[in-house]
file query16.pdb (PDB, C-alpha atoms)
ATOM      1  CA  MET A  26     -36.149  -2.918  -9.941
ATOM      2  CA  GLY A  27     -34.896  -1.849  -6.508
ATOM      3  CA  ALA A  28     -32.641  -4.914  -6.378
ATOM      4  CA  LEU A  29     -31.222  -4.114  -9.835
ATOM      5  CA  LYS A  30     -30.543  -0.525  -8.790
ATOM      6  CA  ALA A  31     -28.781  -1.716  -5.645
ATOM      7  CA  VAL A  32     -26.674  -4.163  -7.656
ATOM      8  CA  TRP A  33     -25.780  -1.465 -10.227
ATOM      9  CA  SER A  34     -24.745   1.065  -7.578
ATOM     10  CA  GLU A  35     -22.752  -1.676  -5.834
ATOM     11  CA  PHE A  36     -21.066  -2.464  -9.166
ATOM     12  CA  ILE A  37     -19.989   1.170  -9.660
ATOM     13  CA  GLY A  38     -18.975   1.286  -6.003
ATOM     14  CA  LEU A  39     -16.592  -1.613  -6.690
ATOM     15  CA  PHE A  40     -14.293   0.745  -8.535
ATOM     16  CA  VAL A  41     -15.000   4.214  -7.190
ATOM     17  CA  ASP A  42     -15.023   5.051  -3.500
ATOM     18  CA  ASP A  43     -13.044   8.273  -3.282
ATOM     19  CA  GLY A  44     -13.499  10.143  -6.595
ATOM     20  CA  SER A  45     -10.135  11.915  -6.648
ATOM     21  CA  PHE A  46      -8.345   8.633  -5.840
ATOM     22  CA  ALA A  47      -9.994   6.873  -8.803
ATOM     23  CA  VAL A  48      -9.266   9.843 -11.105
ATOM     24  CA  ALA A  49      -5.599   9.864 -10.019
ATOM     25  CA  ILE A  50      -5.242   6.125 -10.783
ATOM     26  CA  LEU A  51      -6.911   6.475 -14.198
ATOM     27  CA  GLY A  52      -4.872   9.619 -14.977
ATOM     28  CA  TRP A  53      -1.596   7.891 -14.101
ATOM     29  CA  LEU A  54      -2.501   4.855 -16.233
ATOM     30  CA  VAL A  55      -3.336   7.071 -19.234
ATOM     31  CA  VAL A  56      -0.101   9.092 -18.840
ATOM     32  CA  SER A  57       1.910   5.866 -18.460
ATOM     33  CA  TRP A  58       0.228   4.316 -21.504
ATOM     34  CA  LEU A  59       0.946   7.414 -23.635
ATOM     35  CA  VAL A  60       4.455   8.204 -22.394
ATOM     36  CA  LEU A  61       6.280   5.164 -20.983
ATOM     37  CA  PRO A  62       6.490   3.031 -24.160
ATOM     38  CA  ARG A  63       7.938   6.054 -26.028
ATOM     39  CA  LEU A  64      10.649   7.011 -23.522
ATOM     40  CA  PRO A  65      14.205   5.874 -24.334
ATOM     41  CA  LEU A  66      14.500   3.890 -21.086
ATOM     42  CA  PRO A  67      16.017   0.486 -20.376
ATOM     43  CA  PRO A  68      13.096  -2.016 -20.655
ATOM     44  CA  ALA A  69      13.138  -2.851 -16.935
ATOM     45  CA  VAL A  70      12.695   0.782 -15.829
ATOM     46  CA  ALA A  71       9.306   1.605 -17.373
ATOM     47  CA  PRO A  72       7.358  -1.005 -15.319
ATOM     48  CA  VAL A  73       9.051   0.260 -12.158
ATOM     49  CA  ILE A  74       7.904   3.813 -12.955
ATOM     50  CA  LEU A  75       4.344   2.520 -13.512
ATOM     51  CA  PHE A  76       4.389   0.813 -10.096
ATOM     52  CA  ALA A  77       6.034   3.771  -8.314
ATOM     53  CA  GLY A  78       3.313   6.152  -9.502
ATOM     54  CA  LEU A  79       0.548   3.855  -8.272
ATOM     55  CA  ALA A  80       2.255   3.339  -4.910
ATOM     56  CA  ALA A  81       2.677   7.127  -4.538
ATOM     57  CA  ILE A  82      -1.032   7.671  -5.292
ATOM     58  CA  LEU A  83      -1.976   5.103  -2.632
ATOM     59  CA  VAL A  84       0.267   6.641   0.024
ATOM     60  CA  GLU A  85      -0.790  10.226  -0.776
ATOM     61  CA  SER A  86      -4.499   9.375  -0.712
ATOM     62  CA  THR A  87      -4.396   7.494   2.598
ATOM     63  CA  VAL A  88      -2.261  10.141   4.296
ATOM     64  CA  ARG A  89      -4.564  12.904   2.973
ATOM     65  CA  ARG A  90      -7.591  10.996   4.312
ATOM     66  CA  SER A  91      -5.941  10.561   7.711
ATOM     67  CA  ARG A  92      -5.508  14.360   7.963
ATOM     68  CA  VAL A  93      -9.309  14.642   8.005
ATOM     69  CA  GLY A  94      -9.255  12.416  11.123
ATOM     70  CA  ARG A  95     -11.669   9.767  12.363
TER      71      ARG A  95
ATOM     72  CA  MET B  27      -7.242 -26.663 -22.752
ATOM     73  CA  GLY B  28      -5.207 -27.849 -19.735
ATOM     74  CA  VAL B  29      -4.572 -25.668 -16.728
ATOM     75  CA  ASP B  30      -1.059 -25.109 -15.386
ATOM     76  CA  TRP B  31      -1.938 -25.399 -11.694
ATOM     77  CA  ALA B  32       1.423 -24.054 -10.498
ATOM     78  CA  HIS B  33       0.771 -20.916 -12.560
ATOM     79  CA  ALA B  34      -2.868 -20.832 -11.418
ATOM     80  CA  GLY B  35      -1.992 -20.909  -7.705
ATOM     81  CA  PRO B  36      -1.982 -17.118  -7.107
ATOM     82  CA  THR B  37      -5.280 -16.822  -9.013
ATOM     83  CA  VAL B  38      -6.943 -19.501  -6.866
ATOM     84  CA  LEU B  39      -5.583 -17.877  -3.697
ATOM     85  CA  ALA B  40      -6.756 -14.370  -4.644
ATOM     86  CA  ALA B  41     -10.225 -15.627  -5.644
ATOM     87  CA  PHE B  42     -10.483 -17.721  -2.463
ATOM     88  CA  LEU B  43      -9.457 -14.947  -0.042
ATOM     89  CA  ALA B  44     -11.527 -12.233  -1.707
ATOM     90  CA  SER B  45     -14.575 -14.511  -1.855
ATOM     91  CA  LEU B  46     -14.079 -15.508   1.782
ATOM     92  CA  VAL B  47     -14.348 -11.875   2.907
ATOM     93  CA  GLU B  48     -17.443 -11.207   0.819
ATOM     94  CA  PHE B  49     -19.237 -14.447   1.747
ATOM     95  CA  VAL B  50     -18.587 -13.831   5.464
ATOM     96  CA  GLU B  51     -20.313 -10.443   5.122
ATOM     97  CA  ALA B  52     -23.243 -12.000   3.245
ATOM     98  CA  LEU B  53     -23.512 -14.856   5.770
ATOM     99  CA  THR B  54     -23.978 -12.357   8.625
ATOM    100  CA  ILE B  55     -27.102 -10.916   7.018
ATOM    101  CA  VAL B  56     -28.432 -14.301   5.818
ATOM    102  CA  LEU B  57     -28.107 -15.627   9.389
ATOM    103  CA  ALA B  58     -29.989 -12.588  10.690
ATOM    104  CA  VAL B  59     -32.748 -13.173   8.113
ATOM    105  CA  GLY B  60     -32.933 -16.874   9.000
ATOM    106  CA  ALA B  61     -33.069 -16.247  12.736
ATOM    107  CA  VAL B  62     -35.771 -13.570  12.542
ATOM    108  CA  ARG B  63     -37.844 -14.489   9.478
ATOM    109  CA  GLY B  64     -37.218 -18.230   9.048
ATOM    110  CA  TRP B  65     -34.741 -20.326   7.116
ATOM    111  CA  ARG B  66     -36.919 -21.112   4.112
ATOM    112  CA  GLY B  67     -36.942 -17.525   2.850
ATOM    113  CA  ALA B  68     -33.316 -16.883   3.839
ATOM    114  CA  LEU B  69     -31.998 -19.937   1.993
ATOM    115  CA  GLY B  70     -34.390 -19.424  -0.928
ATOM    116  CA  GLY B  71     -33.195 -15.837  -1.494
ATOM    117  CA  THR B  72     -29.556 -16.874  -1.132
ATOM    118  CA  GLY B  73     -29.983 -19.774  -3.563
ATOM    119  CA  LEU B  74     -31.666 -17.545  -6.168
ATOM    120  CA  ALA B  75     -28.850 -14.992  -5.937
ATOM    121  CA  LEU B  76     -26.152 -17.689  -6.205
ATOM    122  CA  LEU B  77     -27.838 -19.002  -9.378
ATOM    123  CA  ALA B  78     -27.947 -15.469 -10.830
ATOM    124  CA  LEU B  79     -24.255 -14.935  -9.982
ATOM    125  CA  LEU B  80     -23.315 -18.283 -11.522
ATOM    126  CA  GLY B  81     -25.208 -17.259 -14.658
ATOM    127  CA  ILE B  82     -23.219 -13.994 -14.874
ATOM    128  CA  VAL B  83     -19.911 -15.895 -14.558
ATOM    129  CA  LEU B  84     -20.981 -18.439 -17.204
ATOM    130  CA  VAL B  85     -21.981 -15.688 -19.655
ATOM    131  CA  LEU B  86     -19.197 -13.141 -19.008
ATOM    132  CA  GLY B  87     -16.259 -15.514 -18.491
ATOM    133  CA  PRO B  88     -16.303 -17.344 -21.836
ATOM    134  CA  ALA B  89     -17.336 -14.124 -23.664
ATOM    135  CA  LEU B  90     -14.175 -12.353 -22.483
ATOM    136  CA  THR B  91     -11.967 -15.166 -23.803
ATOM    137  CA  ARG B  92     -13.092 -14.254 -27.353
ATOM    138  CA  ILE B  93     -11.628 -10.732 -27.046
ATOM    139  CA  PRO B  94      -7.885 -10.267 -27.818
ATOM    140  CA  LEU B  95      -5.867 -10.913 -24.637
ATOM    141  CA  ASP B  96      -3.986  -7.569 -24.792
ATOM    142  CA  LEU B  97      -7.255  -5.603 -24.850
ATOM    143  CA  VAL B  98      -8.724  -7.743 -22.062
ATOM    144  CA  ARG B  99      -5.600  -7.243 -19.954
ATOM    145  CA  THR B 100      -5.658  -3.450 -20.454
ATOM    146  CA  VAL B 101      -9.330  -3.124 -19.513
ATOM    147  CA  ILE B 102      -9.388  -5.782 -16.785
ATOM    148  CA  GLY B 103      -6.011  -4.580 -15.457
ATOM    149  CA  THR B 104      -7.372  -1.036 -15.144
ATOM    150  CA  LEU B 105     -10.581  -2.211 -13.451
ATOM    151  CA  THR B 106      -8.657  -4.585 -11.160
ATOM    152  CA  LEU B 107      -6.365  -1.726 -10.177
ATOM    153  CA  LEU B 108      -9.303   0.563  -9.387
ATOM    154  CA  PHE B 109     -10.924  -2.255  -7.406
ATOM    155  CA  GLY B 110      -7.754  -3.462  -5.642
ATOM    156  CA  MET B 111      -6.442   0.018  -4.811
ATOM    157  CA  ARG B 112      -9.839   0.888  -3.319
ATOM    158  CA  TRP B 113      -9.697  -2.250  -1.124
ATOM    159  CA  LEU B 114      -6.107  -1.604  -0.136
ATOM    160  CA  ARG B 115      -6.772   2.060   0.672
ATOM    161  CA  LYS B 116      -9.691   1.081   2.912
ATOM    162  CA  ALA B 117      -7.644  -1.690   4.575
ATOM    163  CA  VAL B 118      -4.793   0.756   5.260
ATOM    164  CA  LEU B 119      -7.185   3.324   6.746
ATOM    165  CA  ARG B 120      -8.848   0.629   8.886
ATOM    166  CA  SER B 121      -5.561  -0.787  10.136
ATOM    167  CA  ALA B 122      -4.391   2.730  11.022
ATOM    168  CA  GLY B 123      -7.624   3.401  12.922
ATOM    169  CA  VAL B 124      -8.733   6.225  10.606
ATOM    170  CA  ILE B 125     -11.995   4.416   9.820
ATOM    171  CA  ALA B 126     -13.750   1.797  11.930
ATOM    172  CA  LEU B 127     -13.167  -1.932  11.443
ATOM    173  CA  HIS B 128     -16.062  -3.923  10.003
ATOM    174  CA  ASP B 129     -17.832  -5.582  12.944
ATOM    175  CA  GLU B 130     -19.856  -8.678  11.972
ATOM    176  CA  ALA B 131     -21.521  -8.945  15.401
ATOM    177  CA  ALA B 132     -22.688  -5.314  15.182
ATOM    178  CA  ALA B 133     -23.902  -5.824  11.596
ATOM    179  CA  TYR B 134     -25.854  -8.906  12.744
ATOM    180  CA  ALA B 135     -27.448  -7.051  15.653
ATOM    181  CA  LYS B 136     -28.400  -4.111  13.417
ATOM    182  CA  GLU B 137     -29.929  -6.332  10.706
ATOM    183  CA  THR B 138     -31.826  -8.405  13.274
ATOM    184  CA  ALA B 139     -33.327  -5.260  14.796
ATOM    185  CA  THR B 140     -34.278  -3.913  11.354
ATOM    186  CA  LEU B 141     -35.929  -7.194  10.359
ATOM    187  CA  ARG B 142     -37.835  -7.384  13.650
ATOM    188  CA  GLY B 143     -39.074  -3.849  13.016
ATOM    189  CA  LEU B 144     -40.181  -4.877   9.531
ATOM    190  CA  GLY B 145     -41.832  -7.963  10.983
ATOM    191  CA  ALA B 146     -44.751  -6.186  12.492
ATOM    192  CA  LYS B 147     -45.356  -3.793   9.624
ATOM    193  CA  GLU B 148     -44.564  -5.706   6.421
ATOM    194  CA  ALA B 149     -45.596  -9.178   7.475
ATOM    195  CA  GLY B 150     -49.100  -7.890   8.122
ATOM    196  CA  ALA B 151     -49.206  -6.151   4.759
ATOM    197  CA  LEU B 152     -47.841  -9.221   2.984
ATOM    198  CA  ARG B 153     -50.347 -11.526   4.648
ATOM    199  CA  GLY B 154     -53.002  -9.324   3.140
ATOM    200  CA  LEU B 155     -51.400  -9.837  -0.283
ATOM    201  CA  GLY B 156     -50.964 -13.545   0.199
ATOM    202  CA  GLY B 157     -47.225 -13.105   0.778
ATOM    203  CA  VAL B 158     -46.357 -14.825   4.037
ATOM    204  CA  GLY B 159     -49.458 -16.913   4.132
ATOM    205  CA  ALA B 160     -48.621 -18.312   0.695
ATOM    206  CA  GLY B 161     -45.501 -19.968   2.124
ATOM    207  CA  TRP B 162     -42.633 -17.673   1.087
ATOM    208  CA  ASP B 163     -41.698 -14.716   3.264
ATOM    209  CA  ARG B 164     -40.956 -12.055   0.655
ATOM    210  CA  VAL B 165     -39.023  -9.864   3.092
ATOM    211  CA  ALA B 166     -36.722 -12.777   3.892
ATOM    212  CA  VAL B 167     -36.258 -13.794   0.259
ATOM    213  CA  ARG B 168     -35.663 -10.185  -0.859
ATOM    214  CA  THR B 169     -33.206  -9.359   1.932
ATOM    215  CA  ALA B 170     -31.195 -12.570   1.483
ATOM    216  CA  PHE B 171     -31.234 -12.180  -2.316
ATOM    217  CA  ASN B 172     -30.080  -8.536  -2.178
ATOM    218  CA  ILE B 173     -27.188  -9.086   0.218
ATOM    219  CA  THR B 174     -25.955 -12.194  -1.605
ATOM    220  CA  MET B 175     -26.102 -10.351  -4.946
ATOM    221  CA  ILE B 176     -24.414  -7.234  -3.572
ATOM    222  CA  GLU B 177     -21.535  -9.105  -1.948
ATOM    223  CA  GLY B 178     -21.457 -11.705  -4.716
ATOM    224  CA  ILE B 179     -20.998  -9.151  -7.505
ATOM    225  CA  GLU B 180     -17.529  -8.421  -6.068
ATOM    226  CA  VAL B 181     -16.760 -12.147  -6.154
ATOM    227  CA  VAL B 182     -17.994 -12.373  -9.743
ATOM    228  CA  PHE B 183     -15.785  -9.461 -10.784
ATOM    229  CA  ILE B 184     -12.712 -11.033  -9.187
ATOM    230  CA  VAL B 185     -13.404 -14.486 -10.651
ATOM    231  CA  VAL B 186     -14.078 -13.137 -14.145
ATOM    232  CA  ALA B 187     -11.121 -10.704 -14.013
ATOM    233  CA  MET B 188      -8.639 -13.277 -12.721
ATOM    234  CA  GLY B 189      -9.998 -15.898 -15.112
ATOM    235  CA  ALA B 190      -9.975 -13.766 -18.263
ATOM    236  CA  ALA B 191      -6.834 -11.660 -17.798
ATOM    237  CA  GLY B 192      -4.861 -14.630 -16.497
ATOM    238  CA  GLY B 193      -5.525 -16.337 -19.827
ATOM    239  CA  GLY B 194      -7.904 -19.295 -19.435
ATOM    240  CA  LEU B 195      -7.897 -19.339 -15.641
ATOM    241  CA  LEU B 196     -11.676 -19.079 -15.186
ATOM    242  CA  VAL B 197     -11.955 -22.625 -13.796
ATOM    243  CA  PRO B 198      -9.202 -22.211 -11.133
ATOM    244  CA  ALA B 199     -10.599 -18.793 -10.126
ATOM    245  CA  SER B 200     -14.120 -20.258  -9.869
ATOM    246  CA  LEU B 201     -12.818 -23.160  -7.782
ATOM    247  CA  GLY B 202     -11.212 -20.682  -5.364
ATOM    248  CA  ALA B 203     -14.540 -18.868  -4.979
ATOM    249  CA  VAL B 204     -16.521 -22.106  -4.587
ATOM    250  CA  ALA B 205     -14.081 -23.335  -1.916
ATOM    251  CA  ALA B 206     -14.638 -20.080   0.004
ATOM    252  CA  LEU B 207     -18.422 -20.445  -0.363
ATOM    253  CA  LEU B 208     -18.328 -24.017   0.977
ATOM    254  CA  LEU B 209     -16.092 -23.025   3.892
ATOM    255  CA  VAL B 210     -18.326 -20.101   4.883
ATOM    256  CA  ALA B 211     -21.496 -22.196   4.460
ATOM    257  CA  ALA B 212     -19.983 -24.926   6.682
ATOM    258  CA  LEU B 213     -18.991 -22.341   9.302
ATOM    259  CA  GLY B 214     -22.493 -20.856   9.210
ATOM    260  CA  LEU B 215     -24.026 -24.313   9.604
ATOM    261  CA  VAL B 216     -21.822 -25.175  12.590
ATOM    262  CA  LEU B 217     -21.747 -21.814  14.353
ATOM    263  CA  HIS B 218     -25.228 -20.428  13.593
ATOM    264  CA  ARG B 219     -23.858 -16.983  14.373
ATOM    265  CA  PRO B 220     -21.768 -14.404  12.498
ATOM    266  CA  VAL B 221     -18.241 -15.515  11.660
ATOM    267  CA  SER B 222     -16.373 -12.865  13.606
ATOM    268  CA  MET B 223     -13.142 -14.780  14.243
ATOM    269  CA  ILE B 224     -11.887 -14.319  10.684
ATOM    270  CA  PRO B 225      -9.450 -11.372  10.627
ATOM    271  CA  GLU B 226     -11.376  -9.551   7.943
ATOM    272  CA  ASN B 227      -9.150  -6.510   7.595
ATOM    273  CA  THR B 228      -5.978  -8.605   7.357
ATOM    274  CA  LEU B 229      -7.653 -10.591   4.596
ATOM    275  CA  LYS B 230      -8.719  -7.388   2.825
ATOM    276  CA  PHE B 231      -5.173  -6.073   3.145
ATOM    277  CA  THR B 232      -3.797  -9.292   1.611
ATOM    278  CA  VAL B 233      -6.349  -9.408  -1.195
ATOM    279  CA  GLY B 234      -5.839  -5.686  -1.902
ATOM    280  CA  VAL B 235      -2.091  -6.263  -2.304
ATOM    281  CA  LEU B 236      -2.704  -9.300  -4.557
ATOM    282  CA  LEU B 237      -5.207  -7.451  -6.753
ATOM    283  CA  CYS B 238      -2.985  -4.366  -7.057
ATOM    284  CA  ALA B 239      -0.048  -6.552  -8.107
ATOM    285  CA  PHE B 240      -2.119  -8.435 -10.710
ATOM    286  CA  GLY B 241      -3.799  -5.225 -11.942
ATOM    287  CA  THR B 242      -0.458  -3.427 -12.386
ATOM    288  CA  PHE B 243       1.022  -6.464 -14.155
ATOM    289  CA  TRP B 244      -1.884  -6.776 -16.615
ATOM    290  CA  ALA B 245      -2.167  -3.018 -17.215
ATOM    291  CA  GLY B 246       1.591  -2.898 -17.911
ATOM    292  CA  GLU B 247       1.352  -5.837 -20.320
ATOM    293  CA  GLY B 248      -1.602  -4.167 -22.046
ATOM    294  CA  MET B 249       0.577  -1.035 -22.491
ATOM    295  CA  GLY B 250       3.252  -3.167 -24.115
ATOM    296  CA  LEU B 251       5.736  -2.878 -21.222
ATOM    297  CA  ALA B 252       8.152  -5.771 -20.721
ATOM    298  CA  TRP B 253       8.172  -7.006 -17.123
ATOM    299  CA  PRO B 254      11.636  -8.105 -15.999
ATOM    300  CA  GLY B 255      11.483 -11.830 -15.214
ATOM    301  CA  GLU B 256       7.955 -11.948 -16.726
ATOM    302  CA  ASP B 257       5.539 -13.654 -14.262
ATOM    303  CA  TRP B 258       8.176 -13.570 -11.509
ATOM    304  CA  SER B 259       7.890  -9.780 -11.403
ATOM    305  CA  LEU B 260       4.498 -10.359  -9.712
ATOM    306  CA  LEU B 261       6.473 -11.232  -6.583
ATOM    307  CA  GLY B 262       8.278  -7.881  -6.792
ATOM    308  CA  LEU B 263       4.952  -6.091  -7.248
ATOM    309  CA  LEU B 264       3.494  -7.933  -4.234
ATOM    310  CA  ALA B 265       6.471  -6.899  -2.108
ATOM    311  CA  GLY B 266       6.278  -3.336  -3.426
ATOM    312  CA  PHE B 267       2.571  -2.871  -2.711
ATOM    313  CA  LEU B 268       2.947  -4.535   0.685
ATOM    314  CA  ALA B 269       5.762  -2.143   1.597
ATOM    315  CA  ALA B 270       3.884   0.904   0.270
ATOM    316  CA  SER B 271       0.673   0.052   2.133
ATOM    317  CA  ALA B 272       2.494  -0.833   5.368
ATOM    318  CA  GLY B 273       4.386   2.465   5.121
ATOM    319  CA  ALA B 274       1.140   4.323   4.435
ATOM    320  CA  ALA B 275      -0.475   2.729   7.518
ATOM    321  CA  VAL B 276       2.458   3.852   9.687
ATOM    322  CA  MET B 277       2.238   7.420   8.332
ATOM    323  CA  CYS B 278      -1.530   7.522   8.877
ATOM    324  CA  ARG B 279      -1.145   6.271  12.466
ATOM    325  CA  ALA B 280       1.493   8.903  13.161
ATOM    326  CA  ARG B 281      -0.857  11.637  11.957
ATOM    327  CA  LEU B 282      -3.659  10.339  14.156
ATOM    328  CA  ALA B 283      -1.545   9.995  17.318
ATOM    329  CA  PRO B 284      -2.806  12.369  20.010
ATOM    330  CA  VAL B 285      -0.589  15.370  20.699
ATOM    331  CA  VAL B 286       0.637  15.104  24.302
ATOM    332  CA  ALA B 287       1.258  18.384  26.061
ATOM    333  CA  VAL B 288       4.640  18.401  27.771
ATOM    334  CA  PRO B 289       4.528  20.237  31.138
ATOM    335  CA  ARG B 290       7.247  22.873  31.600
TER     336      ARG B 290
END

call {"tool": "encode", "arguments": {"input": "query16.pdb", "output": "structure tokens"}}
result
Amino acid sequence: MGALKAVWSEFIGLFVDDGSFAVAILGWLVVSWLVLPRLPLPPAVAPVILFAGLAAILVESTVRRSRVGR
Amino acid sequence: MGVDWAHAGPTVLAAFLASLVEFVEALTIVLAVGAVRGWRGALGGTGLALLALLGIVLVLGPALTRIPLDLVRTVIGTLTLLFGMRWLRKAVLRSAGVIALHDEAAAYAKETATLRGLGAKEAGALRGLGGVGAGWDRVAVRTAFNITMIEGIEVVFIVVAMGAAGGGLLVPASLGAVAALLLVAALGLVLHRPVSMIPENTLKFTVGVLLCAFGTFWAGEGMGLAWPGEDWSLLGLLAGFLAASAGAAVMCRARLAPVVAVPR
């Protein structure tokens, strides 16, 4: 039972480390899914916006974490 | 169904590198168990866990191929992004010195000390229960099983995700993971000490970038977005995530740099 619990918590830990980081990624994916296909954009632009949002989330989260220090 | 090996290359590489990192971490603890408690229990626990992991891949992998590919790509793309971004974030923070690098030698020393401490207490109790005396050291089996399962679950996720969302690439992804397992097992056999010469954080950085690129690609396809150049846009995503994470590491380092007082 202890082994199963450890495996389960490790499984959840695969996806969620910093809660706000995971929420930001999921939020951006939901917004992109709802909005991007409906915007009157050239087809090549929507995927770039999807990527740019994810890259911005990564940079913001790491820089915010580095403010806390070692 | 035949496999287009040129198309499967990135999948094999991602599965191989990710599995290499995880198996190196598991090997450290298995070696500690073997050195302190004996090899029978260490290898027994590891073997049991590998069988369980193989079972999960054999059940989950084919099951996912029966679900419509768009749905699989949306769900697996989202999970791969959560997983890959978490890896990449940690790799950026480690490379910038915000959090400590993973040290296999230190992990080995810590586990060895813990197991020696357990030796006196639990071995006595287990002898009373017929544990050690019966031939199998339960502490060794349990510890080796747990660590192999814990690290192996990440490998299973990557293999199943790459295999299912890539569209019939379960075999190439599994081969990548098996190749990593064989390499780490051979290194463990030869060295008999933790594999500390593998640049773990560089590997994590690379795998994080690969997983983020694949995750974004699949999530975008699941949303119905049209990637310019189709599969070739993966290269653009790789370059983009590499640039973003390298930039993030530079910014983090700059924030951590000590403030030097300038004498007047």

call {"tool": "interface_residues", "arguments": {"input": "query16.pdb", "of": "chain B", "to": "chain A", "cutoff": "9 Å", "atoms": "all atoms listed in the file", "output": "PyMOL selection string"}}
result
chain B and resi 104-116+118-119+122-126+168+171-172+175-177+179-180+183+239+242-243+245-246+248-254+263+266-267+270-271+273-275+277-279+281-282

call {"tool": "closest_residue", "arguments": {"input": "query16.pdb", "among": "B:Ala203, B:Val98, B:Ala133, B:Leu195", "to": "Leu80 of chain B", "atoms": "all atoms listed in the file"}}
result
B:Ala203

call {"tool": "atom_distance", "arguments": {"input": "query16.pdb", "atom1": "atom CA of Trp65 of chain B", "atom2": "atom CA of Thr140 of chain B"}}
result
17.0 Å

call {"tool": "residues_near_point", "arguments": {"input": "query16.pdb", "point": "(-14.3, -13.0, -17.1)", "cutoff": "6 Å", "atoms": "only C-alpha atoms", "output": "ChimeraX atom specification"}}
result
/B:86-87,90,186-187,189-190

call {"tool": "atom_distance", "arguments": {"input": "query16.pdb", "atom1": "atom CA of Ala40 of chain B", "atom2": "atom CA of Phe231 of chain B"}}
result
11.5 Å

call {"tool": "residues_around", "arguments": {"input": "query16.pdb", "residues": "Ile224 of chain B", "least_positions_apart": "2", "cutoff": "10 Å", "atoms": "only C-alpha atoms", "output": "MDAnalysis selection string"}}
result
chainID B and resid 46:47 50 130 221:222 226:229

call {"tool": "atom_distance", "arguments": {"input": "query16.pdb", "atom1": "atom CA of Thr138 of chain B", "atom2": "atom CA of Val233 of chain B"}}
result
29.3 Å

call {"tool": "resolve_selection", "arguments": {"input": "query16.pdb", "expression": "the PyMOL selection byres ((chain B and resi 200) around 12)", "output": "number ranges by chain"}}
result
B: 34, 37-42, 44-45, 79-80, 83-84, 87, 181-190, 194-199, 201-207

call {"tool": "resolve_selection", "arguments": {"input": "query16.pdb", "expression": "the PyMOL selection byres ((chain B and resi 66-72) around 12)", "output": "number ranges by chain"}}
result
A: 28; B: 49, 52-65, 73-79, 141, 157-158, 160-178, 207, 211, 214-215

call {"tool": "write_last_selection", "arguments": {"input": "query16.pdb", "atoms": "C-alpha atoms", "output": "short mmCIF file (atom, residue, chain, number, x, y, z; two decimals), in the frame of the given file"}}
result
data_model
loop_
_atom_site.label_atom_id
_atom_site.label_comp_id
_atom_site.auth_asym_id
_atom_site.auth_seq_id
_atom_site.Cartn_x
_atom_site.Cartn_y
_atom_site.Cartn_z
CA ALA A 28 -32.64 -4.91 -6.38
CA PHE B 49 -19.24 -14.45 1.75
CA ALA B 52 -23.24 -12.00 3.24
CA LEU B 53 -23.51 -14.86 5.77
CA THR B 54 -23.98 -12.36 8.62
CA ILE B 55 -27.10 -10.92 7.02
CA VAL B 56 -28.43 -14.30 5.82
CA LEU B 57 -28.11 -15.63 9.39
CA ALA B 58 -29.99 -12.59 10.69
CA VAL B 59 -32.75 -13.17 8.11
CA GLY B 60 -32.93 -16.87 9.00
CA ALA B 61 -33.07 -16.25 12.74
CA VAL B 62 -35.77 -13.57 12.54
CA ARG B 63 -37.84 -14.49 9.48
CA GLY B 64 -37.22 -18.23 9.05
CA TRP B 65 -34.74 -20.33 7.12
CA GLY B 73 -29.98 -19.77 -3.56
CA LEU B 74 -31.67 -17.55 -6.17
CA ALA B 75 -28.85 -14.99 -5.94
CA LEU B 76 -26.15 -17.69 -6.20
CA LEU B 77 -27.84 -19.00 -9.38
CA ALA B 78 -27.95 -15.47 -10.83
CA LEU B 79 -24.26 -14.94 -9.98
CA LEU B 141 -35.93 -7.19 10.36
CA GLY B 157 -47.22 -13.10 0.78
CA VAL B 158 -46.36 -14.82 4.04
CA ALA B 160 -48.62 -18.31 0.70
CA GLY B 161 -45.50 -19.97 2.12
CA TRP B 162 -42.63 -17.67 1.09
CA ASP B 163 -41.70 -14.72 3.26
CA ARG B 164 -40.96 -12.06 0.66
CA VAL B 165 -39.02 -9.86 3.09
CA ALA B 166 -36.72 -12.78 3.89
CA VAL B 167 -36.26 -13.79 0.26
CA ARG B 168 -35.66 -10.18 -0.86
CA THR B 169 -33.21 -9.36 1.93
CA ALA B 170 -31.20 -12.57 1.48
CA PHE B 171 -31.23 -12.18 -2.32
CA ASN B 172 -30.08 -8.54 -2.18
CA ILE B 173 -27.19 -9.09 0.22
CA THR B 174 -25.96 -12.19 -1.60
CA MET B 175 -26.10 -10.35 -4.95
CA ILE B 176 -24.41 -7.23 -3.57
CA GLU B 177 -21.54 -9.10 -1.95
CA GLY B 178 -21.46 -11.70 -4.72
CA LEU B 207 -18.42 -20.44 -0.36
CA ALA B 211 -21.50 -22.20 4.46
CA GLY B 214 -22.49 -20.86 9.21
CA LEU B 215 -24.03 -24.31 9.60
#

call {"tool": "build_atoms", "arguments": {"input": "query16.pdb", "residues": "segment 65-69 of chain B", "atoms": "N, CA and C atoms", "output": "PDB file, in the coordinates of the input"}}
result
ATOM      1  N   TRP B  65     -35.832 -19.884   7.989  1.00  0.00           N
ATOM      2  CA  TRP B  65     -34.741 -20.326   7.116  1.00  0.00           C
ATOM      3  C   TRP B  65     -35.171 -20.554   5.680  1.00  0.00           C
ATOM      4  N   ARG B  66     -36.466 -20.829   5.471  1.00  0.00           N
ATOM      5  CA  ARG B  66     -36.919 -21.112   4.112  1.00  0.00           C
ATOM      6  C   ARG B  66     -36.664 -19.901   3.196  1.00  0.00           C
ATOM      7  N   GLY B  67     -37.124 -18.739   3.650  1.00  0.00           N
ATOM      8  CA  GLY B  67     -36.942 -17.525   2.850  1.00  0.00           C
ATOM      9  C   GLY B  67     -35.483 -17.129   2.736  1.00  0.00           C
ATOM     10  N   ALA B  68     -34.735 -17.278   3.848  1.00  0.00           N
ATOM     11  CA  ALA B  68     -33.316 -16.883   3.839  1.00  0.00           C
ATOM     12  C   ALA B  68     -32.533 -17.727   2.840  1.00  0.00           C
ATOM     13  N   LEU B  69     -32.748 -19.046   2.889  1.00  0.00           N
ATOM     14  CA  LEU B  69     -31.998 -19.937   1.993  1.00  0.00           C
ATOM     15  C   LEU B  69     -32.504 -19.829   0.551  1.00  0.00           C
TER      16      LEU B  69
END
